[in-house]
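**Q** Can you read through this structure? Questions will come right after.
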Amino acid sequence: MARLHRLTIAILVLALLAAALAPLAYAEQQDPRVIDSEVLHTGSLPEAPLGGGLVLQGTSLPGDPYRYVLTLLNHTEWTVPAARVLDRYFPPDPDVAEISNEWFPRSLEPGSVASIVLSFADGAVVEGCHQLEVSVADGLGTILMDCSPPGSTTIWFVPIDPAMEAYLSQPPLTQVEAIDGSKLGIHVTSNSSPAIMEFVREAQPAVVMAVGDIGWLADVKAASPETITVARFQNEQPMEGDPVEAAQAFVAAHADAYLTHPQVDYWLGWNEPSIDSREDMAWFAEFEAERTRRMADLGLSVAIGNFSVGVPEPSEFEPFLAAVAVAQEHGGVLALHEYSAPSMRQGVGAGVPGLQLNDQYGALTLRYRIWYDHYLRAHDLVIPLIITEAGIDGGVLVKQGITMGGWRDAIDGGQEYSPAAVRSYMEQLSWYDEELRRDPYVLGFAVFNAGDPDGEWATFDVTSILQEFTDLIRSK
């Protein structure tokens, strides 16, 4: 064990030198020369047992700018899929603002090392401390303090506790290869065209989502029994009063309608609830948990959440775990919306504030993987997921001053769609389908929207290209 300990320290020191310093020696084949190197520091370390865990080294290099070098070693037998290290650097005076830096070491295989150099242009903070918050998933991490002066090195050993071991030892949720058939389906605001039921009969889609106009889902079930049907009514959504009482009143108001539509597999409640704080989310979680219980009393299943694209923020999601636990107990599913623009790939690989960075996550599309990897898997709450709306939506570009509607605007500039535009959209939907097929817990996604070619959702409408949807599904 002592030999292993020395090897670990050697790896860390080598990584530190590689990250922090310019090369001190080099040789060229044509003109061999050697630059003398200099030993900066040599020090002994205590002999300590080193079991499975994470080893973090922080080295502060004095100078202008001041540099703080972090090196993380995965000394476990498992891959750490997405770690996060938050460095909060601050002086003793609480009135002086801290300097924060986030570091997202990508997937660390057993025995591998990652390093980063954090630079502080204004120099070191007098009597400053680095508070390091290290995490691998929600509730799985630690806080470390380094108040040593510049010119110091600190090494921490973070043991793997049972909860972290249980998380790391599980197989990854996202598979390497796509499995099973297509997960593509449609969102329908009105069964206004015979092309919709023709698509259902020919394609046998994974999911059909209906709003308001619900009775025709009986025809869907008759034509395609394996298709998952999801429905909701248009409702007012006041987040006020007692959430339990609000949920009871909500279910009671719709109970008769629910019971006359046994062809619906999962009932949604609200659509895209407005969540602006953890308090809002705690209220909504109580509402959804009670709605789930009351629907179960009626013998019905629910889809909870139905959050809009790009929300909630990570800092707001944790209170919703209470609703997920109740849904899991009663056979419910999670529902989310995922759009992006001008392409569905836009934002994939981008970071979400406060969470680990991963090439397989997205800020908009594939954002659901963040909730499942970081929160649900860590709390043993992996329930089925249905993406109840998906596609291209220029609404995500509003903050950039860009006005755009659905896929027809994004690809064709609002003109009559062309064969090239259709091919482009189908290629993007096929890519998204392949990604969802890598996640066994995803039941399907409903492309928005069919049944409204001349109305409010005209730039999103896919009614006229449902044959292309059928061809895509059959190809898989």
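Residue numbers start at 1 in each chain; chains themselves are named A, B, ... in the order of the structure tokens; ligands are numbered from 1 in the order shown.
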Identify, on the basis of only C-alpha atoms, every residue whose closest approach to Leu334 (chain A) does not exceed 9 Å; exclude the query and any residue fewer than 2 positions from it along the same chain; express the result as a list in words.

**A**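 Residues meeting the cut-off are Val302, Ala303, Ile304, Gly305, Asn306, Val324, Ala327, Gly332, Leu336, Ile383, Pro384, Leu385, Ile386 and Ile387 of chain A.
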
**Q** May I have the residues within 10 Å of region 187-199 of chain A as a ChimeraX atom specification, using only C-alpha atoms and disregarding those fewer than 5 positions away in the same chain?

**A** /A:204-205,207-217,219-220,223-224,230-231,388-390,445-453,457,461-471

**Q** Rank nothing, just name the residue among A:Val326, A:Met344, A:Ala178, A:Val69 nearest to Arg367 (chain A), using only C-alpha atoms.

**A**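 Of A:Val326, A:Met344, A:Ala178, A:Val69, the one nearest Arg367 (chain A), counting only C-alpha atoms, is A:Met344.
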
**Q** List the spatial neighbours of Asp280 (chain A) as a PyMOL selection string - criterion: any atom at most 9 Å away, only C-alpha atoms, same-chain residues fewer than 5 positions off excluded.

**A** chain A and resi 239+274-275+285+316

**Q** Using only C-alpha atoms, pick whichever of A:Ser182, A:Ser308, A:Gln263, A:Asn74 has the shortest atom-to-atom distance to Leu429 (chain A).

**A**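 Answer, going by the shortest atom-to-atom distance: A:Ser182.
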
**Q** A:Ile186, A:Gly347, A:Pro314, A:Val125: which is nearest Asp359 (chain A), counting only C-alpha atoms?

**A**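 Selected residue with least distance to Asp359 (chain A): A:Gly347.
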
**Q** Can you pull out every residue within 12 Å of Glu109 (chain A), counting only C-alpha atoms, but drop anything in the same chain fewer than 4 positions away, and send it as a list of chain:residue names?

**A** A:Leu54, A:Leu72, A:Leu73, A:Asn74, A:His75, A:Thr76, A:Glu77, A:Trp78, A:Thr79, A:Val80, A:Pro81, A:Ala82, A:Ala83, A:Pro105, A:Val113, A:Ala114, A:Leu168

**Q** Mind writing the picked residues with N, CA and C atoms as a compact mmCIF listing (two decimals), in the first residue's frame?

**A**
# COMPACT_ATOMS: atom_id res chain seq x y z
N LEU A 54 -11.04 9.59 -4.40
CA LEU A 54 -10.53 10.65 -5.27
C LEU A 54 -9.40 11.37 -4.55
N LEU A 72 -6.80 16.30 -10.28
CA LEU A 72 -7.72 15.31 -9.73
C LEU A 72 -7.36 13.93 -10.25
N LEU A 73 -7.17 12.99 -9.33
CA LEU A 73 -6.86 11.59 -9.67
C LEU A 73 -8.04 10.71 -9.28
N ASN A 74 -8.50 9.92 -10.22
CA ASN A 74 -9.55 8.94 -9.93
C ASN A 74 -8.88 7.65 -9.45
N HIS A 75 -8.83 7.50 -8.12
CA HIS A 75 -8.20 6.32 -7.53
C HIS A 75 -9.27 5.32 -7.09
N THR A 76 -10.23 5.07 -8.02
CA THR A 76 -11.27 4.08 -7.77
C THR A 76 -11.25 3.07 -8.90
N GLU A 77 -12.06 2.05 -8.78
CA GLU A 77 -12.16 1.04 -9.84
C GLU A 77 -13.24 1.38 -10.84
N TRP A 78 -13.91 2.54 -10.68
CA TRP A 78 -15.02 2.90 -11.55
C TRP A 78 -14.71 4.17 -12.33
N THR A 79 -15.38 4.33 -13.44
CA THR A 79 -15.31 5.57 -14.20
C THR A 79 -16.14 6.64 -13.50
N VAL A 80 -15.56 7.82 -13.36
CA VAL A 80 -16.31 8.98 -12.85
C VAL A 80 -16.80 9.73 -14.09
N PRO A 81 -18.11 9.64 -14.41
CA PRO A 81 -18.58 10.13 -15.71
C PRO A 81 -18.52 11.64 -15.87
N ALA A 82 -18.76 12.40 -14.80
CA ALA A 82 -18.82 13.85 -14.94
C ALA A 82 -18.64 14.50 -13.58
N ALA A 83 -17.42 14.85 -13.24
CA ALA A 83 -17.17 15.51 -11.96
C ALA A 83 -17.28 17.03 -12.12
N PRO A 105 -13.89 18.34 -14.98
CA PRO A 105 -13.09 17.26 -15.57
C PRO A 105 -14.01 16.31 -16.33
N VAL A 113 -5.91 10.98 -14.62
CA VAL A 113 -5.68 12.26 -13.95
C VAL A 113 -6.12 13.39 -14.88
N ALA A 114 -6.68 14.45 -14.29
CA ALA A 114 -7.00 15.67 -15.03
C ALA A 114 -6.49 16.86 -14.24
N LEU A 168 -21.48 5.14 -8.54
CA LEU A 168 -20.43 4.89 -9.52
C LEU A 168 -20.43 3.46 -10.06

**Q** Which is closest to Glu133 (chain A) among A:Ala325, A:Ile228, A:Leu86, A:Leu118, if we use only C-alpha atoms?

**A**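 Answer, going by the shortest atom-to-atom distance: A:Leu86.
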
**Q** With only C-alpha atoms as the basis for distance, which of A:Lys183, A:Lys399, A:Thr59, A:Glu435 is at the shortest distance from Glu226 (chain A)?

**A** A:Lys183

**Q** With only C-alpha atoms as the counted atoms, please give the residues lying no more than 7 Å from region 246-248 of chain A, apart from itself and same-chain residues fewer than 3 positions off, as a ChimeraX atom specification.

**A** /A:242-243,251-252,287,290-291,294

**Q** Tell me which of A:Leu268, A:Ala378, A:Ile116, A:Val309 sits closest to Leu140 (chain A), counting only C-alpha atoms.

**A**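 Using only C-alpha atoms, Leu140 (chain A) sits closest to A:Ala378.
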
**Q** Using DSSP on the backbone coordinates, identify all residues within region 253-392 of chain A classified as helix (DSSP H, G or I); present the result as a ChimeraX atom specification.

**A** /A:253-259,278-297,314-329,368-376

**Q** Find the spatial neighbours of Leu298 (chain A), counting only C-alpha atoms, within a cut-off of 9 Å - ignore same-chain residues fewer than 4 positions away - and output them as a VMD selection string.

**A** chain A and resid 255 258 to 259 293 to 294

**Q** Expressed in Å to a single decimal, how great is the separation between CA of Trp267 (chain A) and CA of Glu240 (chain A)?

**A**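 The value is 21.9 Å.
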
**Q** Select from region 306-373 of chain A everything DSSP, run on the backbone, classes as strand (DSSP E or B), then give the selection as a list of chain:residue names.

**A**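 Answer for region 306-373 of chain A, restricted to strand (DSSP E or B): A:Asn306, A:Phe307, A:Val333, A:Leu334, A:Ala335, A:Leu336, A:His337, A:Glu338, A:Tyr339, A:Ser340, A:Val348, A:Gly362, A:Leu364, A:Leu366.
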
**Q** Which residues come within 10 Å of Arg278 (chain A), counting only C-alpha atoms, excluding same-chain residues fewer than 4 positions away, as a PyMOL selection string?

**A** chain A and resi 282-284+312-320
